Structure formats: structure tokens, C-alpha cells
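One file, structure-v3.csv, is given below (CSV, C-alpha atoms).
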chain,number,residue,atom,x,y,z
W,860,MET,CA,-0.9,30.8,-35.9
W,861,LYS,CA,-2.5,33.8,-37.4
W,862,LEU,CA,-0.8,36.1,-34.9
W,863,PHE,CA,2.5,34.3,-35.6
W,864,LEU,CA,2.1,34.9,-39.4
W,865,ILE,CA,1.2,38.6,-38.9
W,866,GLU,CA,4.3,39.1,-36.6
W,867,LEU,CA,6.5,37.3,-39.1
W,868,ARG,CA,5.2,39.5,-42.0
W,869,ASN,CA,5.7,42.7,-40.0
W,870,LYS,CA,9.1,41.8,-38.8
W,871,THR,CA,10.3,40.6,-42.2
W,872,ALA,CA,9.2,43.9,-43.8
W,873,TYR,CA,11.0,45.8,-41.0
W,874,PHE,CA,14.2,43.9,-41.3
W,875,PHE,CA,14.1,44.0,-45.1
W,876,LEU,CA,13.9,47.8,-45.0
W,877,TRP,CA,16.9,48.1,-42.7
W,878,LEU,CA,18.9,45.4,-44.4
W,879,VAL,CA,18.5,47.1,-47.8
W,880,ILE,CA,19.6,50.5,-46.3
W,881,VAL,CA,22.7,48.8,-44.7
W,882,TRP,CA,23.4,46.9,-48.0
W,883,ILE,CA,23.2,50.1,-50.0
W,884,ILE,CA,25.7,51.7,-47.6
W,885,ILE,CA,28.0,48.7,-48.0
W,886,TYR,CA,27.6,48.8,-51.8
W,887,LEU,CA,28.3,52.6,-51.9
W,888,LEU,CA,31.4,52.1,-49.7
W,889,ASN,CA,32.6,49.4,-52.2
W,890,GLY,CA,32.0,51.8,-55.2
W,891,ASN,CA,28.9,50.0,-56.5
W,892,ASN,CA,26.0,52.3,-57.5
W,893,SER,CA,23.3,49.7,-58.3
W,894,ILE,CA,21.7,46.7,-56.6
W,895,HIS,CA,20.5,43.6,-58.5
W,896,VAL,CA,17.0,42.2,-58.0
W,897,TYR,CA,18.5,38.8,-57.2
W,898,VAL,CA,20.4,40.4,-54.3
W,899,LEU,CA,17.2,42.0,-53.1
W,900,LEU,CA,15.5,38.5,-53.1
W,901,GLN,CA,18.5,37.2,-51.1
W,902,LEU,CA,18.2,40.0,-48.7
W,903,PHE,CA,14.5,39.3,-48.3
W,904,PHE,CA,15.3,35.7,-47.4
W,905,LEU,CA,17.9,36.9,-44.9
W,906,SER,CA,15.2,39.2,-43.4
W,907,PHE,CA,12.7,36.3,-43.2
W,908,VAL,CA,15.3,34.2,-41.3
W,909,GLY,CA,16.0,37.2,-39.0
W,910,ALA,CA,12.3,37.7,-38.4
W,911,LEU,CA,11.9,34.0,-37.5
W,912,LEU,CA,14.9,34.2,-35.1
W,913,PHE,CA,13.4,37.4,-33.6
W,914,TYR,CA,10.1,35.7,-33.0
W,915,LEU,CA,11.9,32.7,-31.3
W,916,PHE,CA,14.1,34.8,-29.0
W,917,PHE,CA,11.8,37.7,-28.2
W,918,THR,CA,8.6,35.8,-27.3
W,919,ASN,CA,7.9,33.2,-24.7
W,920,LYS,CA,7.5,30.4,-27.2
W,921,LEU,CA,11.1,29.2,-26.9
W,922,MET,CA,12.5,31.1,-24.0
W,923,LYS,CA,10.6,31.8,-20.8
W,924,ASN,CA,11.5,34.3,-18.1
W,925,LYS,CA,14.7,35.5,-19.8
W,926,SER,CA,16.0,39.0,-19.4
W,927,PHE,CA,16.1,41.4,-22.3
W,928,THR,CA,20.0,41.3,-22.3
W,929,LYS,CA,20.0,37.5,-22.6
W,930,ARG,CA,17.4,37.5,-25.4
W,931,LEU,CA,19.3,40.2,-27.3
W,932,THR,CA,22.6,38.4,-26.9
W,933,TYR,CA,21.3,35.0,-28.0
W,934,PHE,CA,19.5,36.7,-30.9
W,935,ILE,CA,22.5,38.7,-32.1
W,936,ILE,CA,24.9,35.7,-31.8
W,937,SER,CA,22.6,33.3,-33.6
W,938,CYS,CA,21.6,36.0,-36.2
W,939,ALA,CA,25.3,36.8,-36.9
W,940,PHE,CA,26.2,33.1,-37.4
W,941,ILE,CA,23.2,32.2,-39.6
W,942,GLU,CA,23.3,35.4,-41.6
W,943,SER,CA,27.1,35.0,-42.2
W,944,ALA,CA,26.4,31.5,-43.4
W,945,LEU,CA,23.6,32.7,-45.7
W,946,ILE,CA,25.8,35.6,-47.0
W,947,TYR,CA,28.5,33.1,-47.8
W,948,TRP,CA,26.1,30.6,-49.3
W,949,PHE,CA,24.4,33.3,-51.5
W,950,ARG,CA,27.8,34.6,-52.5
W,951,LEU,CA,26.8,38.1,-51.5
W,952,TYR,CA,30.4,38.4,-50.8
W,953,GLY,CA,33.1,35.8,-50.4
W,954,ILE,CA,35.6,35.0,-47.7
W,955,GLU,CA,38.2,37.2,-49.4
W,956,ALA,CA,36.1,40.4,-49.0
W,957,VAL,CA,37.7,41.2,-45.6
W,958,LYS,CA,36.5,44.8,-45.7
W,959,SER,CA,32.8,43.7,-46.1
W,960,TRP,CA,33.1,41.2,-43.3
W,961,ILE,CA,34.6,43.8,-41.0
W,962,ILE,CA,31.7,46.2,-41.9
W,963,PHE,CA,29.2,43.3,-41.2
W,964,LEU,CA,30.8,42.6,-37.8
W,965,LEU,CA,30.9,46.3,-37.0
W,966,VAL,CA,27.2,46.7,-37.9
W,967,VAL,CA,26.4,43.7,-35.6
W,968,ILE,CA,28.4,45.2,-32.7
W,969,ILE,CA,27.0,48.7,-33.2
W,970,LEU,CA,23.4,47.3,-33.4
W,971,TYR,CA,24.0,45.3,-30.2
W,972,VAL,CA,25.4,48.3,-28.3
W,973,LEU,CA,22.7,50.6,-29.7
W,974,SER,CA,19.9,48.2,-28.6
W,975,LEU,CA,21.4,48.0,-25.1
W,976,GLY,CA,21.6,51.8,-25.0
W,977,ILE,CA,18.0,52.3,-26.2
W,978,PHE,CA,16.9,49.7,-23.6
W,979,CYS,CA,18.8,51.6,-20.8
W,980,ILE,CA,16.9,54.8,-21.8
W,981,TYR,CA,13.6,52.9,-21.8
W,982,SER,CA,14.5,51.3,-18.4
W,983,HIS,CA,15.2,54.8,-17.0
W,984,LYS,CA,11.8,56.0,-18.2
W,985,ALA,CA,10.1,52.9,-16.8
W,986,GLY,CA,11.9,53.5,-13.5
W,987,LYS,CA,10.2,56.9,-13.3
W,988,ARG,CA,6.8,55.3,-14.0
W,989,TYR,CA,7.4,52.7,-11.4
W,990,THR,CA,8.3,55.3,-8.8
W,991,ASP,CA,5.3,57.5,-9.7
W,992,LEU,CA,3.0,54.5,-9.3
W,993,LEU,CA,4.7,53.6,-6.1
W,994,LYS,CA,4.2,57.1,-4.7
W,995,ILE,CA,0.4,56.8,-5.5
W,996,TYR,CA,0.2,53.4,-3.9
W,997,GLN,CA,2.0,54.7,-0.8
W,998,GLN,CA,-0.4,57.7,-0.6
W,999,ASP,CA,-3.4,55.5,-1.0
W,1000,ASN,CA,-2.3,52.8,1.5
W,1001,ARG,CA,-0.6,54.6,4.3
W,1002,ILE,CA,-0.2,52.6,7.5
W,1003,GLY,CA,-2.6,53.8,10.1
W,1004,LYS,CA,-5.0,55.2,7.5
W,1005,ASP,CA,-7.6,52.6,8.2
W,1006,THR,CA,-6.6,51.7,11.8
G,515,MET,CA,-10.6,29.5,27.3
G,516,GLN,CA,-12.9,32.3,28.2
G,517,ILE,CA,-12.9,35.6,26.3
G,518,ARG,CA,-14.1,38.7,28.2
G,519,ILE,CA,-14.3,42.2,26.9
G,520,ASP,CA,-14.4,44.9,29.5
G,521,VAL,CA,-15.4,48.3,28.2
G,522,GLN,CA,-14.1,51.3,30.1
G,523,GLN,CA,-14.8,54.8,28.8
G,524,ASP,CA,-11.9,56.5,30.6
G,525,ILE,CA,-9.0,54.6,29.1
G,526,ASN,CA,-6.9,55.8,26.1
G,527,GLU,CA,-5.3,52.7,24.9
G,528,THR,CA,-6.8,49.2,24.5
G,529,GLU,CA,-5.1,46.7,26.8
G,530,VAL,CA,-5.2,42.9,26.3
G,531,LYS,CA,-4.5,40.9,29.4
G,532,ILE,CA,-4.1,37.1,29.5
G,533,THR,CA,-4.8,35.5,32.8
G,534,CYS,CA,-3.5,31.9,33.0
G,535,ASN,CA,-2.2,29.5,35.6
G,536,LYS,CA,0.9,28.6,33.5
G,537,ILE,CA,2.6,29.8,30.3
G,538,ASP,CA,2.3,27.0,27.8
G,539,GLN,CA,2.7,26.9,24.0
G,540,GLU,CA,-0.9,27.8,23.5
G,541,ILE,CA,-0.5,31.0,25.6
G,542,LEU,CA,2.8,31.8,23.7
G,543,ASN,CA,1.0,31.4,20.3
G,544,LEU,CA,-1.8,33.6,21.5
G,545,GLU,CA,0.7,36.3,22.7
G,546,ARG,CA,2.4,36.1,19.3
G,547,HIS,CA,-0.9,36.6,17.4
G,548,LEU,CA,-1.8,39.5,19.6
G,549,GLN,CA,1.6,41.2,19.1
G,550,LEU,CA,1.3,40.8,15.4
G,551,PHE,CA,-2.3,42.0,15.5
G,552,SER,CA,-1.1,45.2,17.2
G,553,LYS,CA,1.5,45.4,14.4
G,554,THR,CA,4.5,45.4,16.8
G,555,LEU,CA,7.1,42.7,16.7
G,556,PRO,CA,9.0,41.4,19.7
G,557,THR,CA,12.7,41.3,18.9
G,558,LYS,CA,15.6,39.9,20.8
G,559,GLN,CA,18.7,42.0,21.5
G,560,LYS,CA,22.2,40.8,21.9
G,561,ASP,CA,22.0,41.1,25.7
G,562,GLY,CA,18.8,39.0,25.7
G,563,LYS,CA,16.4,41.9,26.3
G,564,ILE,CA,13.1,41.9,24.4
G,565,THR,CA,12.2,45.1,22.6
G,566,PHE,CA,9.2,45.8,20.4
G,567,VAL,CA,9.4,47.2,16.9
G,568,SER,CA,6.5,48.8,15.2
G,569,ALA,CA,5.8,47.5,11.7
G,570,LYS,CA,5.8,51.0,10.3
G,571,ASP,CA,9.4,51.5,11.4
G,572,ILE,CA,10.6,48.3,9.7
G,573,TYR,CA,12.4,48.7,6.3
G,574,TYR,CA,12.8,45.0,5.5
G,575,ILE,CA,13.0,41.6,7.1
G,576,GLU,CA,15.6,39.1,5.9
G,577,VAL,CA,16.5,35.5,6.7
G,578,VAL,CA,20.2,34.8,7.0
G,579,ASP,CA,21.4,31.4,8.0
G,580,ASN,CA,18.0,30.4,9.2
G,581,ARG,CA,17.7,33.4,11.5
G,582,THR,CA,15.2,36.2,10.9
G,583,TYR,CA,16.6,39.7,11.1
G,584,ILE,CA,14.5,42.9,11.1
G,585,TYR,CA,16.1,46.0,9.6
G,586,GLY,CA,15.1,49.4,10.9
G,587,HIS,CA,16.4,52.8,9.9
G,588,SER,CA,19.9,52.0,11.2
G,589,GLN,CA,19.2,49.2,13.7
G,590,ILE,CA,19.1,45.4,13.2
G,591,TYR,CA,17.0,43.2,15.4
G,592,GLU,CA,16.6,39.5,15.6
G,593,THR,CA,13.2,37.8,15.9
G,594,GLU,CA,12.0,34.3,16.5
G,595,PHE,CA,9.2,34.6,13.9
G,596,ARG,CA,9.6,32.8,10.6
G,597,LEU,CA,9.5,34.8,7.5
G,598,TYR,CA,6.3,33.3,6.1
G,599,GLU,CA,4.5,34.1,9.4
G,600,LEU,CA,5.7,37.7,9.2
G,601,GLU,CA,4.7,37.9,5.6
G,602,GLU,CA,1.2,36.7,6.3
G,603,LYS,CA,0.7,38.9,9.3
G,604,LEU,CA,2.3,42.0,7.9
G,605,ALA,CA,0.8,41.9,4.4
G,606,SER,CA,-1.9,44.4,5.5
G,607,CYS,CA,0.9,46.8,6.5
G,608,GLY,CA,2.3,46.9,3.0
G,609,PHE,CA,4.9,44.2,3.3
G,610,ILE,CA,5.7,42.5,0.1
G,611,ARG,CA,8.1,39.6,-1.0
G,612,ALA,CA,11.3,40.8,-2.6
G,613,SER,CA,13.0,37.4,-2.8
G,614,LYS,CA,12.7,34.0,-1.2
G,615,SER,CA,14.5,35.2,1.9
G,616,LEU,CA,13.4,38.8,2.1
G,617,ILE,CA,10.1,40.8,2.7
G,618,MET,CA,10.1,44.6,2.5
G,619,ASN,CA,7.9,47.4,3.6
G,620,ILE,CA,6.6,49.1,0.4
G,621,HIS,CA,6.2,52.3,2.3
G,622,MET,CA,9.9,52.5,2.9
G,623,ILE,CA,10.8,52.4,-0.8
G,624,LYS,CA,12.0,55.7,-2.2
G,625,SER,CA,12.3,54.7,-5.8
G,626,LEU,CA,12.3,51.7,-8.1
G,627,LYS,CA,14.6,51.1,-11.0
G,628,PRO,CA,14.4,48.2,-13.5
G,629,GLU,CA,17.7,46.4,-14.1
G,630,LEU,CA,18.8,44.8,-17.3
G,631,ASN,CA,18.3,41.2,-15.9
G,632,ARG,CA,14.5,42.0,-15.3
G,633,THR,CA,14.8,42.4,-11.6
G,634,LEU,CA,13.9,45.7,-9.8
G,635,LEU,CA,16.3,47.6,-7.6
G,636,ALA,CA,14.5,49.3,-4.7
G,637,LEU,CA,16.2,52.3,-3.2
G,638,LEU,CA,15.0,52.6,0.4
G,639,LYS,CA,14.5,55.8,2.4
G,640,ASN,CA,17.5,55.0,4.5
G,641,GLY,CA,19.7,54.8,1.4
G,642,GLU,CA,19.9,51.0,1.3
G,643,LYS,CA,19.3,49.1,-1.9
G,644,VAL,CA,17.3,45.9,-2.1
G,645,ASN,CA,16.9,43.7,-5.1
G,646,ILE,CA,13.5,42.5,-6.0
G,647,SER,CA,13.8,39.2,-7.8
G,648,ARG,CA,12.1,38.5,-11.2
G,649,GLN,CA,9.6,36.1,-9.6
G,650,TYR,CA,8.3,38.8,-7.3
G,651,THR,CA,8.7,41.7,-9.7
G,652,LYS,CA,5.5,40.5,-11.5
G,653,GLU,CA,3.5,40.6,-8.2
G,654,LEU,CA,4.8,44.1,-7.5
G,655,LYS,CA,3.9,45.2,-11.0
G,656,LYS,CA,0.4,43.9,-10.5
G,657,LEU,CA,0.1,45.6,-7.1
G,658,LEU,CA,1.2,49.0,-8.5
G,659,GLY,CA,-0.8,48.6,-11.7
G,660,PHE,CA,2.3,48.8,-14.0
G,661,LYS,CA,1.8,47.7,-17.5
G,662,GLY,CA,5.0,47.3,-19.4
G,663,GLY,CA,6.9,45.1,-21.7
G,664,TRP,CA,10.5,43.9,-20.9
G,665,VAL,CA,11.0,45.9,-17.7

Re-express the file's structure as C-alpha cells.
Amino acid sequence: MKLFLIELRNKTAYFFLWLVIVWIIIYLLNGNNSIHVYVLLQLFFLSFVGALLFYLFFTNKLMKNKSFTKRLTYFIISCAFIESALIYWFRLYGIEAVKSWIIFLLVVIILYVLSLGIFCIYSHKAGKRYTDLLKIYQQDNRIGKDT
Amino acid sequence: MQIRIDVQQDINETEVKITCNKIDQEILNLERHLQLFSKTLPTKQKDGKITFVSAKDIYYIEVVDNRTYIYGHSQIYETEFRLYELEEKLASCGFIRASKSLIMNIHMIKSLKPELNRTLLALLKNGEKVNISRQYTKELKKLLGFKGGWV
């Protein structure tokens, strides 16, 4: 439970930071130069929900033995749906703000592609580590070495 | 059954000779165990001839339609051994499980690459690619001492 709360706190803070940056960009694109404290509180709540979803999809509590791609896809889809509902509920912007919704959708897609890209780079590095360890193993356990 | 060890200083290779009055199942099992002990496997060719393949020349062994096939550099042999028997006997030669129907020689792997679905793709020295399923990736990670997160 303590670990869960620590994870939730860290992830909420992380998401909140990025969400505020994204929101400021959206605000600036829409010509607004200020952000209300109430909006910040709403963003904090969104971050909290996002962190909760992250914990559910990226740990073995809910999903066991699932690949990174599947976890990421489920997370992004559920996040996009729930966050859209919360955005609408909080009236951060209404259905008529097509431009804002398009930006939101683009951000979601870009984040998804970016995450996959980063994971591919990480996999490539991990592959090198695997191969290096394999070479060491092969050296240490050659057939005929002990026969 | 009597076991006799005859030590001769002048011979180069150890020879095991079975003397019996008839070949029954017990003798066949004994022969199988001895063959596996010497790390060579009897394989059946298309023309019915029996040839022996050394474990160190095997890339991987796969079961297809309940038949066990041994894959060498460019040759394929068939054997009457079951996969679990081979896995057990060849474990000391560096054979590992890659999937439910495949065991592979770890010494024949050239490189390993993690895939997005958490499996590992093993590129063999003969250019072939073998997929190591998620279930057995964990065991390989442990064997190699790999500590990682999602891959």
C-alpha cells in the first residue's frame, strides 16, 4: 500500500508537470496568456486519474504477462476516453472547440508513437546487452570445455 | 546385467560394447542412453539409413506433427527421441527451451533481439531466426544474468 501511494504521488506529479506544459501550449495557441488556479486543480485531478490508470496498466496488479505494446495501447485508449470525458465534464473546453479536440487527439497519437519509438531504441540497446551476455555465457560454457 | 570395465592403456577412444543374447526394449533403452551420454544422436535419413549427429553441430530441435526434427547447419534430420528426452539429456550441452515445440543450442545463437511482444528473436549462426516465447524468455534472462524491465 505504501509503495502504491509513493508510486501514485510520483506519477501524479510527473503527469501534472507535462499536462500543464501541454495546456499552456494549447492556451497559447488559442491566444490565452494566463491559466486559472481552478484549471490547474482540474489538471491535477486529470493527472491523478492518469497516474492511477498508469499504475493499473503498467504493473502486474491488473495485467499479467502482457507486452509493452499492449499495455501502452490499453493505457492510451483508456486514458484518452476517460480524460476526454473529464475534460468535457470540467468544461475545460466544450464539444464546439474542434481545434482543441484535434490538438488533444494529435497529442495522444504523437505520445503513442513517441513512446513506441523510445521503446524501440531501448529494445535495441537491450538487444546489445543480451548479445554481450550471451557471448560471455558461450565463452564460459563451451561444449567440450569440461569433457 | 553385468557391468565390466576393461582398462587398456593403448586405446585412444573409449568403446562401450553391449553383449546380449537378443535385442529387447531394455537393450534399446540402454543404447539410447549411451548415445545421449556420448552427446551424439542417432537420426533417421529418408532412405532409412541411421546417421549420428553430434550435439555441438545441432542448431535446434523442433517437433512438427509429432515428429522430432534436428536442424544442423543446412541439413535436417529426423529422430525418434521425444523432445523432453532430448531437452533433459542435452541440457548440459547448452540446449534451452525456446517454445513448447522447440529446443535450441545456445552456442549456435549469434545475437538476441527483444521484440515488442516481449518475446526474443534469436539470430542463429546459419542465418536462421528462431523466436523464443515469453514463457522461456524469463528462463533465458535468468541463465544469462540479464536484469531488465519490459524487454

**OP:** Find the residues near region 977-994 of chain W: any atom within 12 Å, counting all atoms listed in the file, skip ones fewer than 3 places away on the same chain, and give them as number ranges by chain.
**Re:** W: 926-928, 931, 969-974, 997-1001; G: 608, 619-638, 651, 654-665

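A straight line drawn from CA of Gln522 (chain G) to CA of Leu542 (chain G) is 26.6 Å long.
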
Subject >> Counting only C-alpha atoms, the option among G:Ser615, G:Gln649, G:Asn535, G:Gln589 closest to chain W >> reply: G:Gln649

**OP:** Could you check how far CA of Thr871 (chain W) sits from CA of Ser906 (chain W), in Å to one decimal?
**Re:** 5.2 Å

Subject >> Nearby residues, (4.3, 50.3, 16.2) file frame, 7 Å, only C-alpha atoms, as an MDAnalysis selection string >> reply: chainID G and resid 553:554 567:570

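Reported to one decimal place, the separation of CA of Ile936 (chain W) from CA of Leu888 (chain W) is 25.1 Å.
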
**OP:** Just the residues within 8 Å of Leu912 (chain W), please, counting all atoms listed in the file, with nothing from its chain fewer than 6 positions along; format it as a list in words.
**Re:** Phe934, Ser937 and Cys938 of chain W

Original post:
What's the 9 Å shell around region 947-949 of chain W, counting only C-alpha atoms, without same-chain residues fewer than 4 positions away, as number ranges by chain?
Top reply: W: 898, 901, 942-943, 953-954

Might I get the box with edges along x, y and z of the file that holds all atoms of region 964-973 of chain W listed there, padded by 5 Å on every side, given as centre and edge lengths in Å to one decimal, as AutoDock Vina command-line options?
--center_x 26.8 --center_y 46.6 --center_z -33.1 --size_x 18.2 --size_y 18.0 --size_z 19.6

Subject >> Proximity to Lys603 (chain G) - best of G:Leu548, G:Lys639, G:Met515, G:Ile584, only C-alpha atoms >> reply: G:Leu548

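For the choices G:Ser613, G:Asp571, G:Pro556, G:Ile590, the atom-to-atom distance to chain W is smallest for G:Asp571 when using all atoms listed in the file.
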
Subject >> Neighbour list for Thr557 (chain G) as JSON, numbers by chain, cut-off 10 Å, all atoms listed in the file, skip fewer than 5 positions in-chain >> reply: {"G": [562, 563, 564, 565, 566, 567, 582, 583, 584, 590, 591, 592, 593, 594, 595]}

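Between chain W and the residues G:Cys607, G:Glu653, G:Leu544, G:Met618, the shortest atom-to-atom distance, using all atoms listed in the file, involves G:Cys607.
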
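Residue nearest chain G within the list W:Leu965, W:Val957, W:Ile995, W:Val896: W:Ile995 [criterion: smallest interatomic distance, only C-alpha atoms].
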
**OP:** Write out as a count of residues only which residues come within 12 Å of Arg518 (chain G) when counting only C-alpha atoms, dropping same-chain ones fewer than 4 positions away.
**Re:** 4
